[in-house]
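As provided, query.txt (compact mmCIF, C-alpha atoms) reads as follows.
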# COMPACT_ATOMS: atom_id res chain seq x y z
CA MET S 207 48.94 -121.26 6.80
CA LYS S 208 50.79 -119.04 9.22
CA THR S 209 49.78 -119.17 12.86
CA SER S 210 49.68 -115.39 12.92
CA GLN S 211 46.65 -115.45 10.63
CA LYS S 212 43.19 -116.06 11.95
CA ILE S 213 42.31 -119.71 11.50
CA GLU S 214 39.20 -119.75 9.40
CA THR S 215 38.18 -123.34 8.92
CA ILE S 216 38.41 -126.08 11.53
CA ALA S 217 38.02 -129.65 10.36
CA ILE S 218 36.82 -132.03 13.04
CA ILE S 219 37.65 -135.59 12.10
CA GLY S 220 35.36 -137.96 13.91
CA GLY S 221 33.08 -135.02 14.42
CA THR S 222 30.04 -137.12 15.19
CA GLY S 223 31.13 -138.19 18.69
CA ALA S 224 30.50 -136.32 21.94
CA LEU S 225 33.80 -134.43 22.07
CA GLY S 226 33.80 -133.55 18.37
CA THR S 227 30.17 -132.44 18.47
CA GLY S 228 30.76 -130.28 21.51
CA LEU S 229 33.86 -128.62 20.09
CA ALA S 230 32.13 -128.02 16.75
CA ARG S 231 29.26 -126.22 18.45
CA ARG S 232 31.50 -124.03 20.53
CA TRP S 233 33.77 -123.11 17.63
CA ALA S 234 30.83 -122.49 15.32
CA ARG S 235 29.42 -120.09 17.90
CA ALA S 236 32.81 -118.38 18.07
CA GLY S 237 32.63 -117.69 14.32
CA TYR S 238 34.81 -120.39 12.80
CA ALA S 239 33.79 -122.25 9.71
CA ILE S 240 33.45 -125.93 10.58
CA VAL S 241 33.89 -129.00 8.44
CA ILE S 242 32.71 -132.15 10.11
CA GLY S 243 34.48 -135.26 8.91
CA SER S 244 33.06 -138.73 9.22
CA ARG S 245 33.68 -142.09 7.64
CA THR S 246 30.60 -141.77 5.48
CA GLN S 247 29.17 -138.74 3.73
CA ALA S 248 25.73 -139.53 5.13
CA LYS S 249 26.92 -139.39 8.74
CA ALA S 250 28.85 -136.21 8.08
CA ASP S 251 25.80 -134.61 6.49
CA ALA S 252 23.64 -135.60 9.43
CA ALA S 253 26.11 -134.14 11.93
CA ALA S 254 26.37 -130.94 9.90
CA ALA S 255 22.59 -130.61 9.82
CA GLU S 256 22.47 -131.13 13.58
CA LEU S 257 25.06 -128.42 14.11
CA ARG S 258 23.11 -126.01 11.89
CA ALA S 259 20.02 -126.73 13.97
CA ALA S 260 21.90 -126.04 17.22
CA VAL S 261 23.80 -122.96 16.05
CA SER S 262 21.75 -121.02 13.54
CA SER S 263 24.73 -118.90 12.46
CA ALA S 264 26.93 -121.96 11.88
CA GLN S 265 28.91 -122.08 8.68
CA VAL S 266 29.26 -125.83 8.41
CA ALA S 267 29.80 -128.59 5.90
CA GLY S 268 29.94 -132.36 6.21
CA GLN S 269 32.59 -134.31 4.31
CA THR S 270 34.31 -137.65 4.43
CA ASN S 271 37.35 -137.64 6.70
CA ALA S 272 40.03 -137.20 4.04
CA ALA S 273 38.12 -134.44 2.26
CA ALA S 274 37.45 -132.69 5.56
CA ALA S 275 41.14 -132.85 6.48
CA GLY S 276 41.92 -131.24 3.16
CA SER S 277 39.38 -128.47 3.75
CA GLY S 278 40.57 -127.54 7.23
CA ASP S 279 43.17 -124.90 8.01
CA ILE S 280 43.52 -126.75 11.28
CA VAL S 281 42.50 -130.36 11.78
CA VAL S 282 41.20 -131.82 15.04
CA LEU S 283 41.09 -135.59 15.53
CA THR S 284 38.37 -136.81 17.92
CA VAL S 285 38.15 -140.56 17.44
CA PRO S 286 38.48 -143.53 19.81
CA PHE S 287 41.99 -144.91 20.27
CA ALA S 288 41.22 -147.97 18.13
CA HIS S 289 40.43 -145.68 15.18
CA GLN S 290 43.39 -143.35 15.62
CA ARG S 291 45.81 -145.18 13.32
CA PRO S 292 43.46 -146.04 10.44
CA THR S 293 41.95 -142.56 10.48
CA LEU S 294 45.34 -140.83 10.45
CA GLU S 295 46.56 -143.14 7.67
CA ASP S 296 43.46 -142.15 5.73
CA ILE S 297 43.96 -138.39 6.12
CA ARG S 298 47.70 -137.89 6.48
CA ASP S 299 48.25 -136.84 2.87
CA ARG S 300 46.06 -133.81 3.55
CA LEU S 301 47.87 -132.64 6.66
CA ALA S 302 51.27 -131.36 5.47
CA GLY S 303 52.16 -128.08 7.17
CA LYS S 304 48.95 -127.98 9.19
CA ILE S 305 48.35 -128.18 12.89
CA LEU S 306 46.82 -131.52 13.83
CA VAL S 307 45.16 -131.39 17.23
CA ASP S 308 45.17 -134.95 18.52
CA THR S 309 42.71 -135.57 21.36
CA THR S 310 43.19 -139.33 21.46
CA VAL S 311 43.22 -141.02 24.83
CA PRO S 312 44.71 -144.52 24.73
CA LEU S 313 41.94 -146.26 26.63
CA VAL S 314 42.07 -150.03 26.33
CA PRO S 315 38.61 -151.52 26.98
CA PRO S 316 37.34 -153.01 29.13
CA LYS S 317 39.66 -151.55 31.78
CA VAL S 318 39.30 -147.91 30.80
CA ALA S 319 39.76 -146.70 34.40
CA ARG S 320 43.25 -148.20 34.41
CA VAL S 321 46.20 -146.32 32.90
CA GLN S 322 47.54 -148.34 29.96
CA LEU S 323 49.83 -146.06 27.98
CA PRO S 324 51.17 -147.41 24.68
CA ALA S 325 54.79 -148.50 24.36
CA ALA S 326 55.51 -145.37 22.31
CA GLY S 327 54.79 -143.39 25.50
CA CYS S 328 51.48 -141.83 24.57
CA ALA S 329 48.90 -141.54 21.82
CA ALA S 330 50.16 -138.12 20.72
CA VAL S 331 53.61 -139.52 19.97
CA LEU S 332 51.94 -142.37 18.09
CA ALA S 333 50.06 -139.77 16.04
CA ARG S 334 53.29 -138.05 15.09
CA GLN S 335 54.85 -141.37 14.14
CA ILE S 336 51.90 -142.00 11.81
CA VAL S 337 51.61 -138.59 10.17
CA GLY S 338 55.31 -137.72 9.99
CA GLU S 339 57.38 -134.73 10.94
CA ASP S 340 55.87 -132.26 8.46
CA VAL S 341 52.61 -132.20 10.39
CA ARG S 342 52.50 -129.94 13.44
CA VAL S 343 51.01 -132.29 16.05
CA VAL S 344 49.57 -130.68 19.16
CA SER S 345 47.77 -132.63 21.87
CA ALA S 346 44.82 -131.30 23.88
CA PHE S 347 41.27 -131.76 25.22
CA HIS S 348 41.92 -135.15 26.89
CA ASN S 349 40.40 -134.26 30.22
CA VAL S 350 37.18 -132.70 29.07
CA ALA S 351 33.93 -134.27 30.25
CA ALA S 352 32.62 -134.77 26.73
CA ASP S 353 29.10 -135.51 27.88
CA LEU S 354 28.95 -132.01 29.37
CA MET S 355 30.35 -130.38 26.23
CA ALA S 356 27.32 -131.19 24.14
CA SER S 357 25.36 -128.85 26.36
CA ASP S 358 26.09 -125.16 26.65
CA ALA S 359 27.26 -125.60 30.23
CA ASP S 360 30.28 -123.72 31.49
CA MET S 361 33.13 -126.20 31.58
CA ASP S 362 34.70 -126.31 35.02
CA CYS S 363 37.98 -127.76 33.81
CA ASP S 364 41.20 -126.56 32.24
CA VAL S 365 42.79 -127.73 29.00
CA LEU S 366 46.47 -128.68 29.01
CA VAL S 367 48.15 -128.35 25.64
CA ALA S 368 51.29 -130.30 24.70
CA GLY S 369 53.35 -129.82 21.57
CA ASP S 370 56.93 -129.27 20.54
CA GLN S 371 56.43 -125.80 19.03
CA LEU S 372 55.48 -122.86 21.19
CA ALA S 373 53.56 -121.09 18.41
CA ASP S 374 51.51 -124.18 17.63
CA ARG S 375 50.65 -124.70 21.29
CA ALA S 376 49.69 -121.03 21.52
CA ALA S 377 47.37 -121.39 18.51
CA VAL S 378 45.61 -124.33 20.14
CA ILE S 379 45.40 -122.51 23.46
CA ARG S 380 43.58 -119.69 21.66
CA LEU S 381 41.21 -122.21 20.09
CA ALA S 382 40.53 -123.78 23.47
CA GLU S 383 39.84 -120.36 24.95
CA GLN S 384 37.40 -119.61 22.16
CA ALA S 385 35.65 -122.87 22.99
CA GLY S 386 35.21 -121.58 26.55
CA PHE S 387 38.15 -123.17 28.35
CA ARG S 388 41.05 -121.86 30.33
CA ALA S 389 44.08 -123.44 28.65
CA TRP S 390 47.77 -123.76 29.41
CA HIS S 391 51.11 -124.65 27.90
CA ALA S 392 51.94 -128.14 29.22
CA GLY S 393 55.26 -128.77 27.52
CA PRO S 394 56.58 -130.94 24.71
CA LEU S 395 54.41 -133.47 22.91
CA VAL S 396 55.66 -136.35 25.07
CA ASN S 397 54.05 -134.62 28.06
CA SER S 398 50.71 -135.60 26.58
CA ALA S 399 51.27 -138.84 28.53
CA ALA S 400 50.24 -136.98 31.68
CA MET S 401 46.91 -135.81 30.32
CA GLU S 402 46.18 -139.09 28.58
CA ALA S 403 46.89 -141.07 31.74
CA LEU S 404 44.88 -138.62 33.81
CA THR S 405 41.81 -139.44 31.76
CA SER S 406 41.76 -142.96 33.19
CA VAL S 407 42.02 -141.45 36.67
CA LEU S 408 39.03 -139.21 35.91
CA ILE S 409 37.06 -142.22 34.65
CA PHE S 410 37.98 -144.07 37.83
CA MET S 411 36.78 -141.16 39.94
CA ASN S 412 33.50 -140.93 38.04
CA LYS S 413 32.87 -144.55 39.02
CA ARG S 414 34.19 -144.28 42.59
CA TYR S 415 32.27 -141.07 43.31
CA PRO S 416 28.91 -141.60 41.59
CA GLY S 417 27.36 -138.54 40.00
CA SER S 418 30.74 -137.00 39.21
CA HIS S 419 32.02 -135.40 36.03
CA ALA S 420 35.59 -135.18 37.23
CA GLY S 421 37.94 -132.63 35.74
CA ILE S 422 40.99 -130.66 36.78
CA ARG S 423 41.77 -127.01 37.33
CA MET S 424 45.27 -125.67 37.58
CA THR S 425 46.12 -123.70 40.68
CA GLY S 426 49.07 -121.48 41.52
CA VAL S 427 49.87 -120.58 37.92
CA ALA S 428 50.98 -116.98 37.48
CA GLU S 429 49.17 -115.72 34.41
CA ALA S 430 51.23 -113.86 31.84
CA MET M 77 48.67 -153.32 62.07
CA LYS M 78 45.06 -153.14 61.01
CA THR M 79 43.96 -150.14 59.02
CA SER M 80 40.98 -149.78 61.35
CA GLN M 81 43.37 -148.79 64.14
CA LYS M 82 44.70 -145.28 64.45
CA ILE M 83 48.12 -145.10 62.91
CA GLU M 84 50.39 -143.92 65.66
CA THR M 85 53.87 -143.62 64.22
CA ILE M 86 54.74 -142.39 60.75
CA ALA M 87 58.24 -143.05 59.49
CA ILE M 88 59.40 -140.62 56.83
CA ILE M 89 62.28 -142.10 54.88
CA GLY M 90 64.30 -139.35 53.29
CA GLY M 91 62.71 -137.03 55.80
CA THR M 92 65.30 -134.30 55.37
CA GLY M 93 64.09 -133.10 51.97
CA ALA M 94 61.43 -130.47 51.31
CA LEU M 95 58.49 -132.86 50.90
CA GLY M 96 59.49 -135.07 53.83
CA THR M 97 60.08 -132.08 56.07
CA GLY M 98 56.76 -130.53 55.18
CA LEU M 99 54.79 -133.73 55.70
CA ALA M 100 56.56 -134.38 59.01
CA ARG M 101 55.57 -130.96 60.33
CA ARG M 102 51.98 -131.29 59.31
CA TRP M 103 51.60 -134.79 60.73
CA ALA M 104 53.41 -133.85 63.94
CA ARG M 105 50.95 -131.00 64.39
CA ALA M 106 48.10 -133.44 63.79
CA GLY M 107 49.31 -135.56 66.69
CA TYR M 108 51.21 -138.38 65.04
CA ALA M 109 54.52 -139.61 66.37
CA ILE M 110 57.15 -139.07 63.70
CA VAL M 111 60.34 -140.95 62.99
CA ILE M 112 62.57 -139.21 60.51
CA GLY M 113 64.79 -141.56 58.58
CA SER M 114 67.98 -140.49 56.87
CA ARG M 115 71.07 -142.19 55.54
CA THR M 116 73.09 -141.06 58.53
CA GLN M 117 72.11 -140.80 62.18
CA ALA M 118 73.54 -137.29 62.34
CA LYS M 119 71.30 -135.99 59.55
CA ALA M 120 68.28 -137.70 61.05
CA ASP M 121 69.04 -136.17 64.45
CA ALA M 122 69.41 -132.73 62.93
CA ALA M 123 66.07 -133.02 61.09
CA ALA M 124 64.38 -134.27 64.26
CA ALA M 125 65.73 -131.31 66.22
CA GLU M 126 64.51 -128.95 63.51
CA LEU M 127 61.04 -130.48 63.67
CA ARG M 128 60.98 -130.15 67.46
CA ALA M 129 61.91 -126.49 67.08
CA ALA M 130 59.12 -125.94 64.53
CA VAL M 131 56.41 -127.92 66.33
CA SER M 132 56.88 -127.74 70.08
CA SER M 133 54.45 -130.57 70.73
CA ALA M 134 56.18 -132.87 68.23
CA GLN M 135 56.88 -136.42 69.32
CA VAL M 136 59.81 -137.11 67.04
CA ALA M 137 62.90 -139.26 66.73
CA GLY M 138 65.65 -139.43 64.14
CA GLN M 139 66.92 -142.83 62.98
CA THR M 140 68.77 -144.33 60.06
CA ASN M 141 66.45 -145.32 57.25
CA ALA M 142 66.18 -149.02 58.03
CA ALA M 143 65.62 -148.43 61.73
CA ALA M 144 63.03 -145.76 60.97
CA ALA M 145 61.19 -148.10 58.62
CA GLY M 146 61.10 -150.66 61.40
CA SER M 147 59.72 -148.09 63.86
CA GLY M 148 56.93 -146.83 61.64
CA ASP M 149 53.40 -148.20 61.60
CA ILE M 150 53.22 -146.60 58.18
CA VAL M 151 56.27 -145.74 56.11
CA VAL M 152 56.49 -142.80 53.70
CA LEU M 153 59.26 -142.68 51.11
CA THR M 154 60.29 -139.17 50.04
CA VAL M 155 63.55 -139.55 48.15
CA PRO M 156 64.68 -138.55 44.65
CA PHE M 157 64.07 -141.13 41.91
CA ALA M 158 67.78 -142.05 41.76
CA HIS M 159 67.62 -143.07 45.44
CA GLN M 160 64.35 -144.99 45.25
CA ARG M 161 65.81 -148.42 44.52
CA PRO M 162 68.79 -148.40 46.91
CA THR M 163 66.66 -146.96 49.70
CA LEU M 164 63.89 -149.51 49.25
CA GLU M 165 66.43 -152.34 49.08
CA ASP M 166 67.85 -151.03 52.34
CA ILE M 167 64.50 -150.92 54.17
CA ARG M 168 62.38 -153.61 52.55
CA ASP M 169 62.95 -156.18 55.29
CA ARG M 170 61.20 -153.84 57.71
CA LEU M 171 58.09 -153.26 55.59
CA ALA M 172 56.20 -156.56 55.61
CA GLY M 173 52.49 -156.02 56.14
CA LYS M 174 52.84 -152.25 56.34
CA ILE M 175 51.59 -149.51 54.11
CA LEU M 176 54.44 -147.96 52.14
CA VAL M 177 53.49 -144.55 50.76
CA ASP M 178 55.70 -144.01 47.73
CA THR M 179 55.94 -140.39 46.62
CA THR M 180 58.66 -140.96 44.04
CA VAL M 181 58.44 -139.01 40.81
CA PRO M 182 60.61 -140.49 38.04
CA LEU M 183 62.28 -137.26 37.00
CA VAL M 184 65.34 -137.82 34.82
CA PRO M 185 67.68 -134.80 35.04
CA PRO M 186 68.41 -132.57 33.33
CA LYS M 187 65.07 -132.65 31.46
CA VAL M 188 62.81 -132.73 34.49
CA ALA M 189 60.05 -130.81 32.70
CA ARG M 190 59.74 -133.65 30.20
CA VAL M 191 57.71 -136.78 30.98
CA GLN M 192 60.06 -139.77 31.05
CA LEU M 193 58.19 -142.61 32.69
CA PRO M 194 60.18 -145.79 33.38
CA ALA M 195 59.66 -148.91 31.30
CA ALA M 196 57.81 -150.52 34.21
CA GLY M 197 55.13 -147.87 33.68
CA CYS M 198 55.71 -145.73 36.75
CA ALA M 199 57.81 -145.36 39.87
CA ALA M 200 55.10 -146.80 42.10
CA VAL M 201 55.07 -150.06 40.17
CA LEU M 202 58.87 -150.12 40.39
CA ALA M 203 58.54 -149.71 44.15
CA ARG M 204 56.24 -152.70 44.37
CA GLN M 205 58.64 -154.76 42.25
CA ILE M 206 61.43 -153.91 44.69
CA VAL M 207 59.59 -154.46 47.98
CA GLY M 208 57.43 -157.40 46.95
CA GLU M 209 53.78 -158.26 47.26
CA ASP M 210 53.61 -158.43 51.05
CA VAL M 211 54.07 -154.66 51.32
CA ARG M 212 50.97 -152.54 50.78
CA VAL M 213 52.26 -149.95 48.32
CA VAL M 214 50.20 -146.78 47.95
CA SER M 215 51.27 -143.85 45.82
CA ALA M 216 50.56 -140.19 46.66
CA PHE M 217 51.82 -136.62 47.14
CA HIS M 218 53.45 -136.33 43.67
CA ASN M 219 51.89 -133.03 42.75
CA VAL M 220 52.54 -131.08 45.91
CA ALA M 221 54.62 -127.92 45.65
CA ALA M 222 57.17 -129.11 48.21
CA ASP M 223 58.70 -125.67 48.60
CA LEU M 224 55.34 -124.39 49.85
CA MET M 225 54.87 -127.30 52.25
CA ALA M 226 57.75 -126.28 54.47
CA SER M 227 55.74 -123.19 55.35
CA ASP M 228 52.40 -123.35 57.11
CA ALA M 229 50.64 -122.10 54.00
CA ASP M 230 47.33 -123.56 52.97
CA MET M 231 48.00 -125.92 50.11
CA ASP M 232 45.88 -125.05 47.08
CA CYS M 233 46.18 -128.47 45.51
CA ASP M 234 44.58 -131.90 45.82
CA VAL M 235 46.30 -135.20 46.47
CA LEU M 236 45.48 -138.15 44.22
CA VAL M 237 46.04 -141.53 45.84
CA ALA M 238 46.67 -144.71 43.84
CA GLY M 239 46.83 -148.22 45.22
CA ASP M 240 45.36 -151.62 44.61
CA GLN M 241 43.55 -151.92 47.94
CA LEU M 242 40.64 -149.64 48.77
CA ALA M 243 41.32 -149.73 52.53
CA ASP M 244 44.98 -148.81 52.06
CA ARG M 245 44.09 -145.91 49.77
CA ALA M 246 41.50 -144.77 52.31
CA ALA M 247 44.12 -144.81 55.08
CA VAL M 248 46.45 -142.64 53.02
CA ILE M 249 43.61 -140.30 52.09
CA ARG M 250 42.98 -139.79 55.81
CA LEU M 251 46.67 -139.07 56.34
CA ALA M 252 46.65 -136.55 53.48
CA GLU M 253 43.58 -134.88 54.95
CA GLN M 254 45.28 -134.62 58.32
CA ALA M 255 48.21 -132.94 56.57
CA GLY M 256 45.77 -130.34 55.25
CA PHE M 257 44.97 -131.64 51.79
CA ARG M 258 41.82 -132.62 50.01
CA ALA M 259 42.54 -136.14 48.76
CA TRP M 260 40.90 -138.60 46.40
CA HIS M 261 40.87 -142.22 45.32
CA ALA M 262 42.66 -142.29 41.95
CA GLY M 263 42.52 -145.99 41.16
CA PRO M 264 44.95 -148.90 41.04
CA LEU M 265 48.66 -148.48 41.63
CA VAL M 266 49.40 -148.33 37.90
CA ASN M 267 47.38 -145.10 37.77
CA SER M 268 50.23 -143.45 39.62
CA ALA M 269 51.67 -142.91 36.13
CA ALA M 270 49.22 -140.03 35.69
CA MET M 271 50.31 -138.17 38.80
CA GLU M 272 53.99 -138.92 38.23
CA ALA M 273 53.81 -137.65 34.65
CA LEU M 274 51.80 -134.63 35.72
CA THR M 275 54.67 -133.53 37.94
CA SER M 276 56.81 -132.85 34.87
CA VAL M 277 53.94 -130.82 33.44
CA LEU M 278 53.79 -128.78 36.64
CA ILE M 279 57.56 -128.22 36.51
CA PHE M 280 57.18 -127.11 32.91
CA MET M 281 54.43 -124.68 33.87
CA ASN M 282 56.51 -123.25 36.72
CA LYS M 283 59.19 -122.39 34.14
CA ARG M 284 56.79 -121.23 31.43
CA TYR M 285 54.75 -119.04 33.78
CA PRO M 286 57.37 -117.50 36.09
CA GLY M 287 56.33 -117.06 39.68
CA SER M 288 54.06 -120.10 39.61
CA HIS M 289 53.70 -122.95 42.08
CA ALA M 290 51.48 -125.00 39.83
CA GLY M 291 49.16 -127.58 41.29
CA ILE M 292 45.85 -129.21 40.45
CA ARG M 293 42.42 -129.22 42.00
CA MET M 294 39.77 -131.73 41.08
CA THR M 295 36.44 -130.35 39.90
CA GLY M 296 33.08 -132.01 39.39
CA VAL M 297 33.66 -134.79 41.91
CA ALA M 298 30.57 -135.67 43.89
CA GLU M 299 31.74 -136.07 47.47
CA ALA M 300 30.55 -139.14 49.35

What would you get if you wrote out this structure as structure tokens?
Amino acid sequence: MKTSQKIETIAIIGGTGALGTGLARRWARAGYAIVIGSRTQAKADAAAAELRAAVSSAQVAGQTNAAAAGSGDIVVLTVPFAHQRPTLEDIRDRLAGKILVDTTVPLVPPKVARVQLPAAGCAAVLARQIVGEDVRVVSAFHNVAADLMASDADMDCDVLVAGDQLADRAAVIRLAEQAGFRAWHAGPLVNSAAMEALTSVLIFMNKRYPGSHAGIRMTGVAEA
Amino acid sequence: MKTSQKIETIAIIGGTGALGTGLARRWARAGYAIVIGSRTQAKADAAAAELRAAVSSAQVAGQTNAAAAGSGDIVVLTVPFAHQRPTLEDIRDRLAGKILVDTTVPLVPPKVARVQLPAAGCAAVLARQIVGEDVRVVSAFHNVAADLMASDADMDCDVLVAGDQLADRAAVIRLAEQAGFRAWHAGPLVNSAAMEALTSVLIFMNKRYPGSHAGIRMTGVAEA
């Protein structure tokens, strides 16, 4: 796959959670083919049926995670931190040369409102350690209020995209824009630490200021 | 000092830099007495004279760092990361029982657009390790475009305030508001990692999108 081509099929691994479901709907509406990956075929089928019901034009299939990763031109991982490693170990053979969008936030229950970054620096760097250098890891969507994504609401937050290759970040920025977000280059993959840590701050604020769905918007950025 | 009292005197340690200068002006205008601390009396005097010239009503003195820390009811540290430890070691005897607002961002030149958090987790936690538990460390002002602060421009960015004590965070939020910012509780001191890391992202964006003074605004927060 070259990034200059239109990406046709997006595989969403862990596509049955709130973030994965929301992204799948938005990308299906934007005309992408979607493959929803789950640990069991039955769950994947159910999520695919739900997406078809929500977006009548959706071109969607449900597959087990490894099969879905193989089907996708681009692969998006939307699983809890505890599942990041086993899931990536399960699918990594299908990822060579592809962009892997890691959305993992290293929350450590029960203190999820407290920043607890892993020793490797951040979850995105962990992902690259697991999948190896021939996978193009890009990190994004950490600060999205996933419970709002399932609706069709306008998302009043920006997406910061970290990755070591400009072209790969640009491809994910385009995907984020097609899902309805304003999105920005945020620097090398290690910079994912900022967005991952910020998620705990947002969770803290949602508790401290009841009724909130905290997010961030960039200000003062001169658009190209 | 009780936090229920009005804070009268703010000591700004490293008050000759862009952030310190900008905060001093804004707080002087808001009616606080300011003590500008610097490593030499001459530099402190010069910065105090500059502040008096900028804000005619300013009640301001220049002192060496340790003396300034002793004079302040609240002490704000605005020095580069490399100076954080020696400066805090110099002033820590004057800080007992006071709020120390640490603004340190752990930038490691030359790659300042790359997140490089210290092993302790963040600069704010380092500060607490240096000054000890009887100082009330609060962390804030990391994401302010300091070059804009020196002007009287409206600041289109929010201030996120981390600290382990609610009352101390609230006191610093009030200070930030009086300097013209919208400010928010961001959780325990360790959460400063998010704001510190975000600064490298903002620096990256200022390079990637020329002409930018990147900042963040919170969205979706239900105000009290």

For chain M, work out the contacting residues on chain S at 6 Å, counting only C-alpha atoms, and write them as a list in words.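 Interface list for chain S against chain M: Val321, Ala392, Gly393, Asn397, Ala400, Ala403, Leu404, Val407, Phe410, Tyr415, Gly417, Ser418, His419, Ala420, Gly421, Ile422, Arg423, Met424, Thr425, Gly426, Val427 and Ala428 of chain S.
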
Determine the nearest neighbour of Arg170 (chain M) from the options M:Pro182, M:Gly239, M:Gly90, M:Gly146, counting only C-alpha atoms.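 With only C-alpha atoms as the atom set, the closest residue is M:Gly146.
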
Could you list, as an NGL selection string, every residue within 7 Å of region 128-138 of chain M, counting all atoms listed in the file and ignoring same-chain residues fewer than 3 positions away? :M and (101 or 104-105 or 109-113 or 117 or 120-121 or 124-125)

Region 336-342 of chain S surroundings by only C-alpha atoms, 12 Å radius, close-in-sequence under 5 positions cut, as a ChimeraX atom specification: /S:207-209,279-282,290-308,326,329-331,368-375,377-378,395

Can you work out the spacing between CA of Ala229 (chain M) and CA of Leu99 (chain M) in Å, to one decimal?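 Distance reported for this atom pair: 12.5 Å.
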
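Near Asn141 (chain M), within 6 Å and counting all atoms listed in the file, sit Ile89, Gly113, Ser114 and Arg115 of chain M, not including residues fewer than 4 positions from it in the same chain.
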
Do you have the CA of Thr270 (chain S)-CA of Phe387 (chain S) distance handy?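 CA of Thr270 (chain S) sits 28.2 Å away from CA of Phe387 (chain S).
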
Point (33.5, -120.9, 24.1), cut-off 7 Å, counting only C-alpha atoms, residues as a PyMOL selection string: chain S and resi 232-233+236+383-387

How would region 178-190 of chain M look written as an mmCIF file, in the first residue's frame with N, CA and C atoms?
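Listing of out-v5.cif after writing:
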data_model
loop_
_atom_site.group_PDB
_atom_site.id
_atom_site.type_symbol
_atom_site.label_atom_id
_atom_site.label_comp_id
_atom_site.auth_asym_id
_atom_site.auth_seq_id
_atom_site.Cartn_x
_atom_site.Cartn_y
_atom_site.Cartn_z
ATOM 1 N N ASP M 178 5.428 25.392 40.555
ATOM 2 C CA ASP M 178 6.512 24.982 39.654
ATOM 3 C C ASP M 178 5.992 25.026 38.216
ATOM 4 N N THR M 179 6.696 25.746 37.371
ATOM 5 C CA THR M 179 6.283 25.853 35.964
ATOM 6 C C THR M 179 7.266 25.118 35.052
ATOM 7 N N THR M 180 8.178 24.371 35.659
ATOM 8 C CA THR M 180 9.281 23.784 34.900
ATOM 9 C C THR M 180 8.801 22.767 33.871
ATOM 10 N N VAL M 181 9.306 22.916 32.664
ATOM 11 C CA VAL M 181 9.056 21.935 31.611
ATOM 12 C C VAL M 181 10.386 21.225 31.334
ATOM 13 N N PRO M 182 10.400 19.899 31.406
ATOM 14 C CA PRO M 182 11.667 19.174 31.277
ATOM 15 C C PRO M 182 12.109 19.032 29.821
ATOM 16 N N LEU M 183 12.362 20.155 29.193
ATOM 17 C CA LEU M 183 12.902 20.137 27.830
ATOM 18 C C LEU M 183 14.377 19.759 27.890
ATOM 19 N N VAL M 184 14.802 18.895 26.988
ATOM 20 C CA VAL M 184 16.194 18.477 26.930
ATOM 21 C C VAL M 184 16.752 18.906 25.578
ATOM 22 N N PRO M 185 17.435 20.054 25.508
ATOM 23 C CA PRO M 185 17.996 20.512 24.241
ATOM 24 C C PRO M 185 18.991 19.490 23.704
ATOM 25 N N PRO M 186 19.147 19.375 22.376
ATOM 26 C CA PRO M 186 18.518 20.255 21.396
ATOM 27 C C PRO M 186 17.132 19.788 20.952
ATOM 28 N N LYS M 187 16.691 18.603 21.364
ATOM 29 C CA LYS M 187 15.422 18.086 20.820
ATOM 30 C C LYS M 187 14.248 18.498 21.700
ATOM 31 N N VAL M 188 13.965 19.786 21.724
ATOM 32 C CA VAL M 188 12.934 20.286 22.626
ATOM 33 C C VAL M 188 11.522 20.016 22.114
ATOM 34 N N ALA M 189 11.401 19.603 20.864
ATOM 35 C CA ALA M 189 10.081 19.267 20.320
ATOM 36 C C ALA M 189 9.760 17.783 20.514
ATOM 37 N N ARG M 190 10.597 17.111 21.279
ATOM 38 C CA ARG M 190 10.453 15.678 21.521
ATOM 39 C C ARG M 190 10.211 15.466 23.017
#
